[in-house]
Every structure is written in C-alpha cells, then in structure tokens.
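Enquirer: Supplied in structure tokens, the structure appears directly below.
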Amino acid sequence: MTSTHDQVFRGEDWYARELGSGDSHTGCTFYDVDWTEGLSEGASFDGCTFAGVRFNASRHAATAFTNCVFRGCVFFDSRFTGCKTVGSRFQDCTFQLLAVDGGDGSFTGLAGADLSKAGFEGVRLREADLSRAVLEGAVLTGCDLSGALLRGARLHRADLRGSDLSSLDPREVEPGGARIDLSQAATLVTALGFQVT
C-alpha cells in the first residue's frame with residue numbers, strides 16, 4: 001500500500017508488479033518504466049505523466065488514470081476492465097491488441113491514435129477526441145460516443161453496432177465498410193438531412 005505525490009520514477013523495473021486499492025499516485029512522472037505483465041485493481045493515478053512506459057500484457061481492473069498524459073507508451077495486449085481515463089491524453093502510443101471492457105473514458109484525448117483492431121465494449125467515451133484516429137477493424141460496440149470528436153477518423157471494417165453515433169457526421173469520416181445496426185443507420189441518414197418515415 002503506497003501513496004506518492006510528485007515523485008519521479010525513472011527506468012524502474014515494475015515487471016509483474018501488483019497494485020491494489022490502497023495504492024495511489026498523484027502528480028508523479030514515470031520515465032521508461034517497464035510494467036510488463038503488471039496488475040492493478042482499484043489503484044489510482046491522478047495528474048501523472050507516463051513517458052516510454054511499457055504496459056505490455058498488463059491487466060487493470062477498476063483502476064483510475066485521471067487527467068494523465070501518456071507519451072510514447074506501449075500497450076501491447078493490455079486489458080482494461082471498468083477503468084477510468086477521464087481527461088487523460090495519449091500521444092504517439094502503440095495499442096496493438098488493446099482491449100477495454102466498460103469503464104469511463106470521457107474527455108480522453110486519442111487524436112490520431114492508431115487503434116486498429118483494438119476492442120472497446122460498453123465504454124463511456126463521451127466527448128472523447130478520436131479525430132483522425134485509425135480504427136480499422138476495431139470493435140466499438142455498445143459504447144457511448146455522444147459528443148465524441150470523430151472528424152477524419154478511419155473506420156474501415158470497424159464494428160460500431162450498439163454505440164451512440166449521434167455526434168458522428170458521416171461526411172467527415174472514412175466509413176470503408178464499417179458495421180452499424182438499423183437504428184444507427186436511421187441516425188446517420190437523419191444527420192445527412194433525410195427524413196426517415
């Protein structure tokens with residue numbers, strides 16, 4: 001059980017380290033930390049900066065990463081379940097095989113992120129910035145995307161069924177065979193100025 005404030009962690013080996021509900025970090029900076037196969041459940045990070053951190057094959061449940069900045073981090077085969085990333089920003093990160101189940105990613109900054117084949121199920125992404133994001137083959141099912149920025153997003157073969165697409169302008173994205181359901185189709189047709197009767 002640890003509680004740290006404004007501490008700098010540089011080049012540390014956190015391989016398979018486990019963090020629990022009593023572990024909190026506020027305003028801390030993590031440089032080139034290896035958290036491969038790490039585990040967290042109920043831990044919290046607020047206002048922290050992660051630069052070059054490796055989250056490979058890590059598992060996180062009910063953990064909060066609020067108002068954090070991630071630069072050049074690797075999330076290969078990472079799993080997030082019921083986590084919170086509200087207000088956090090991701091820059092130049094790698095997300096191969098990322099899976100996110102539930103949780104709150106509102107106001108998260110993922111502009112230009114390559115999220116090809118990533119999986120998001122039942123995630124709250126209200127007003128998240130996904131502009132210019134590459135979502136080819138990604139799964140975003142049952143997600144709340146209300147108010148999300150999607151201008152320039154590449155949605156080729158993405159599965160969007162069951163998600164709130166009320167803020168999606170189909171003229172501003174590359175649909176490329178993205179999958180939607182009938183109710184979503186009606187929403188998008190209305191956005192184009194047609195009346196569904």
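By convention in this document, the chains of the structure tokens carry letters A, B, ... by their order, each chain's residues are numbered from 1, and ligands are numbered from 1 in the order they are shown.
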Within 12 Å of Ser131 in chain A, counting only C-alpha atoms, which residues qualify if same-chain residues fewer than 6 places away don't, as a PyMOL selection string?

Expert: chain A and resi 108-115+147-155+168-169+172-174

Enquirer: Those same residues - N, CA and C atoms - I'd like them written as a JSON list (two decimals), in the first residue's frame.

Expert:
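Resulting contents of part02.json:
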[["chain", "number", "residue", "atom", "x", "y", "z"],
["A", 108, "THR", "N", -11.28, 11.79, -22.99],
["A", 108, "THR", "CA", -9.95, 11.24, -23.25],
["A", 108, "THR", "C", -9.45, 11.70, -24.62],
["A", 109, "GLY", "N", -8.17, 12.07, -24.70],
["A", 109, "GLY", "CA", -7.58, 12.53, -25.95],
["A", 109, "GLY", "C", -6.85, 11.42, -26.66],
["A", 110, "LEU", "N", -7.42, 10.98, -27.79],
["A", 110, "LEU", "CA", -6.81, 9.92, -28.60],
["A", 110, "LEU", "C", -6.68, 10.38, -30.05],
["A", 111, "ALA", "N", -6.51, 11.66, -30.25],
["A", 111, "ALA", "CA", -6.43, 12.21, -31.61],
["A", 111, "ALA", "C", -5.26, 11.58, -32.36],
["A", 112, "GLY", "N", -5.56, 11.06, -33.57],
["A", 112, "GLY", "CA", -4.52, 10.48, -34.41],
["A", 112, "GLY", "C", -4.00, 9.14, -33.97],
["A", 113, "ALA", "N", -4.59, 8.56, -32.92],
["A", 113, "ALA", "CA", -4.10, 7.28, -32.41],
["A", 113, "ALA", "C", -4.40, 6.15, -33.38],
["A", 114, "ASP", "N", -3.47, 5.20, -33.50],
["A", 114, "ASP", "CA", -3.69, 4.01, -34.31],
["A", 114, "ASP", "C", -4.29, 2.93, -33.41],
["A", 115, "LEU", "N", -5.61, 2.79, -33.50],
["A", 115, "LEU", "CA", -6.34, 1.82, -32.69],
["A", 115, "LEU", "C", -6.86, 0.67, -33.54],
["A", 147, "GLY", "N", -21.10, 13.22, -28.36],
["A", 147, "GLY", "CA", -20.22, 14.38, -28.25],
["A", 147, "GLY", "C", -18.78, 14.09, -28.63],
["A", 148, "ALA", "N", -18.47, 12.85, -29.01],
["A", 148, "ALA", "CA", -17.09, 12.50, -29.36],
["A", 148, "ALA", "C", -16.68, 13.16, -30.68],
["A", 149, "LEU", "N", -15.40, 13.55, -30.77],
["A", 149, "LEU", "CA", -14.87, 14.14, -31.99],
["A", 149, "LEU", "C", -14.34, 13.03, -32.87],
["A", 150, "LEU", "N", -14.91, 12.89, -34.07],
["A", 150, "LEU", "CA", -14.52, 11.80, -34.96],
["A", 150, "LEU", "C", -14.11, 12.30, -36.34],
["A", 151, "ARG", "N", -13.94, 13.59, -36.48],
["A", 151, "ARG", "CA", -13.58, 14.15, -37.79],
["A", 151, "ARG", "C", -12.28, 13.51, -38.30],
["A", 152, "GLY", "N", -12.32, 12.99, -39.52],
["A", 152, "GLY", "CA", -11.14, 12.41, -40.14],
["A", 152, "GLY", "C", -10.80, 11.01, -39.67],
["A", 153, "ALA", "N", -11.66, 10.41, -38.84],
["A", 153, "ALA", "CA", -11.39, 9.05, -38.35],
["A", 153, "ALA", "C", -11.55, 8.04, -39.47],
["A", 154, "ARG", "N", -10.69, 7.02, -39.48],
["A", 154, "ARG", "CA", -10.76, 5.94, -40.45],
["A", 154, "ARG", "C", -11.46, 4.75, -39.81],
["A", 155, "LEU", "N", -12.66, 4.45, -40.31],
["A", 155, "LEU", "CA", -13.49, 3.43, -39.69],
["A", 155, "LEU", "C", -13.60, 2.17, -40.54],
["A", 168, "LEU", "N", -21.78, 11.73, -34.81],
["A", 168, "LEU", "CA", -20.97, 11.35, -35.97],
["A", 168, "LEU", "C", -21.56, 11.96, -37.24],
["A", 169, "ASP", "N", -20.75, 12.73, -37.95],
["A", 169, "ASP", "CA", -21.13, 13.25, -39.26],
["A", 169, "ASP", "C", -20.50, 12.32, -40.30],
["A", 172, "GLU", "N", -17.65, 13.34, -42.61],
["A", 172, "GLU", "CA", -16.35, 13.75, -42.08],
["A", 172, "GLU", "C", -15.46, 12.58, -41.69],
["A", 173, "VAL", "N", -15.91, 11.34, -41.97],
["A", 173, "VAL", "CA", -15.12, 10.16, -41.63],
["A", 173, "VAL", "C", -14.93, 9.30, -42.88],
["A", 174, "GLU", "N", -14.06, 8.30, -42.76],
["A", 174, "GLU", "CA", -13.87, 7.32, -43.83],
["A", 174, "GLU", "C", -14.55, 6.03, -43.37]]

Enquirer: Can you pull out every residue within 7 Å of Lys84 in chain A, counting only C-alpha atoms, but drop anything in the same chain fewer than 2 positions away, and send it as a PyMOL selection string?

Expert: chain A and resi 63-66+82+86+103-105

Enquirer: What's around Trp14 in chain A at 8 Å? Count only C-alpha atoms, leave out sequence neighbours fewer than 4 positions away in its own chain, and write the answer as a PyMOL selection string.

Expert: chain A and resi 33-36+38

Enquirer: Counting only C-alpha atoms, which residues in range 32-111 of chain A sit no more than 12 Å from range 19-22 of chain A? For each one, give the nearest pair of atoms and the distance in Å, sorted by chain then residue number, as JSON lines.

Expert:
{"residue": "A:Trp35", "atom": "CA", "partner": "A:Leu19", "partner_atom": "CA", "distance": 11.0}
{"residue": "A:Glu37", "atom": "CA", "partner": "A:Leu19", "partner_atom": "CA", "distance": 11.9}
{"residue": "A:Gly38", "atom": "CA", "partner": "A:Leu19", "partner_atom": "CA", "distance": 8.3}
{"residue": "A:Leu39", "atom": "CA", "partner": "A:Leu19", "partner_atom": "CA", "distance": 6.2}
{"residue": "A:Ser40", "atom": "CA", "partner": "A:Leu19", "partner_atom": "CA", "distance": 4.5}
{"residue": "A:Glu41", "atom": "CA", "partner": "A:Gly20", "partner_atom": "CA", "distance": 4.9}
{"residue": "A:Gly42", "atom": "CA", "partner": "A:Ser21", "partner_atom": "CA", "distance": 4.1}
{"residue": "A:Ala43", "atom": "CA", "partner": "A:Ser21", "partner_atom": "CA", "distance": 4.6}
{"residue": "A:Ser44", "atom": "CA", "partner": "A:Ser21", "partner_atom": "CA", "distance": 7.6}
{"residue": "A:Phe45", "atom": "CA", "partner": "A:Leu19", "partner_atom": "CA", "distance": 11.0}
{"residue": "A:Ser58", "atom": "CA", "partner": "A:Leu19", "partner_atom": "CA", "distance": 11.5}
{"residue": "A:Arg59", "atom": "CA", "partner": "A:Leu19", "partner_atom": "CA", "distance": 10.6}
{"residue": "A:His60", "atom": "CA", "partner": "A:Leu19", "partner_atom": "CA", "distance": 9.2}
{"residue": "A:Ala61", "atom": "CA", "partner": "A:Gly20", "partner_atom": "CA", "distance": 9.6}
{"residue": "A:Ala62", "atom": "CA", "partner": "A:Ser21", "partner_atom": "CA", "distance": 8.9}
{"residue": "A:Thr63", "atom": "CA", "partner": "A:Ser21", "partner_atom": "CA", "distance": 8.2}
{"residue": "A:Ala64", "atom": "CA", "partner": "A:Ser21", "partner_atom": "CA", "distance": 10.2}

Enquirer: Include N, CA and C atoms and write out the residues we just selected as a JSON list (two decimals), in the first residue's frame.

Expert:
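Final output, saved to result36.json:
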[["chain", "number", "residue", "atom", "x", "y", "z"],
["A", 35, "TRP", "N", 6.43, -2.01, -17.01],
["A", 35, "TRP", "CA", 5.36, -2.58, -16.20],
["A", 35, "TRP", "C", 4.74, -3.76, -16.95],
["A", 37, "GLU", "N", 3.32, -7.20, -17.90],
["A", 37, "GLU", "CA", 2.57, -8.18, -17.12],
["A", 37, "GLU", "C", 2.19, -7.66, -15.73],
["A", 38, "GLY", "N", 2.13, -6.34, -15.60],
["A", 38, "GLY", "CA", 1.71, -5.74, -14.34],
["A", 38, "GLY", "C", 0.22, -5.92, -14.09],
["A", 39, "LEU", "N", -0.19, -5.81, -12.85],
["A", 39, "LEU", "CA", -1.58, -5.93, -12.45],
["A", 39, "LEU", "C", -1.97, -4.77, -11.56],
["A", 40, "SER", "N", -3.17, -4.24, -11.79],
["A", 40, "SER", "CA", -3.68, -3.23, -10.87],
["A", 40, "SER", "C", -5.17, -3.45, -10.68],
["A", 41, "GLU", "N", -5.63, -3.29, -9.46],
["A", 41, "GLU", "CA", -7.04, -3.42, -9.16],
["A", 41, "GLU", "C", -7.41, -2.38, -8.12],
["A", 42, "GLY", "N", -8.16, -1.37, -8.57],
["A", 42, "GLY", "CA", -8.59, -0.31, -7.66],
["A", 42, "GLY", "C", -7.53, 0.72, -7.36],
["A", 43, "ALA", "N", -6.40, 0.68, -8.05],
["A", 43, "ALA", "CA", -5.35, 1.68, -7.84],
["A", 43, "ALA", "C", -5.74, 3.00, -8.50],
["A", 44, "SER", "N", -5.03, 4.08, -8.17],
["A", 44, "SER", "CA", -5.37, 5.37, -8.78],
["A", 44, "SER", "C", -4.11, 6.15, -9.13],
["A", 45, "PHE", "N", -4.18, 6.80, -10.30],
["A", 45, "PHE", "CA", -3.14, 7.69, -10.79],
["A", 45, "PHE", "C", -3.85, 8.97, -11.21],
["A", 58, "SER", "N", -0.26, -6.19, -19.63],
["A", 58, "SER", "CA", -0.70, -5.82, -18.28],
["A", 58, "SER", "C", -2.21, -5.92, -18.18],
["A", 59, "ARG", "N", -2.71, -6.06, -16.95],
["A", 59, "ARG", "CA", -4.14, -6.19, -16.68],
["A", 59, "ARG", "C", -4.54, -5.18, -15.61],
["A", 60, "HIS", "N", -5.61, -4.45, -15.89],
["A", 60, "HIS", "CA", -6.05, -3.39, -14.97],
["A", 60, "HIS", "C", -7.55, -3.48, -14.77],
["A", 61, "ALA", "N", -7.98, -3.44, -13.52],
["A", 61, "ALA", "CA", -9.41, -3.51, -13.20],
["A", 61, "ALA", "C", -9.76, -2.41, -12.21],
["A", 62, "ALA", "N", -10.82, -1.67, -12.53],
["A", 62, "ALA", "CA", -11.32, -0.60, -11.64],
["A", 62, "ALA", "C", -10.21, 0.36, -11.21],
["A", 63, "THR", "N", -9.25, 0.57, -12.09],
["A", 63, "THR", "CA", -8.14, 1.49, -11.80],
["A", 63, "THR", "C", -8.40, 2.82, -12.50],
["A", 64, "ALA", "N", -8.03, 3.91, -11.82],
["A", 64, "ALA", "CA", -8.26, 5.25, -12.37],
["A", 64, "ALA", "C", -6.95, 5.86, -12.85]]

Enquirer: Quick one: residues within 7 Å of Arg161 in chain A, only C-alpha atoms, excluding same-chain residues fewer than 3 positions away - as a VMD selection string?

Expert: chain A and resid 141 to 142 179 to 181

Enquirer: So which one's closest to Arg126 in chain A, A:Ser167, A:Leu98, A:Glu18, A:Arg89? Using only C-alpha atoms, please.

Expert: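 Among A:Ser167, A:Leu98, A:Glu18, A:Arg89, it is A:Ser167 that comes nearest to Arg126 in chain A.
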
Enquirer: Hey, can you check how far CA of Gly177 in chain A sits from CA of Phe107 in chain A?

Expert: 26.9 Å
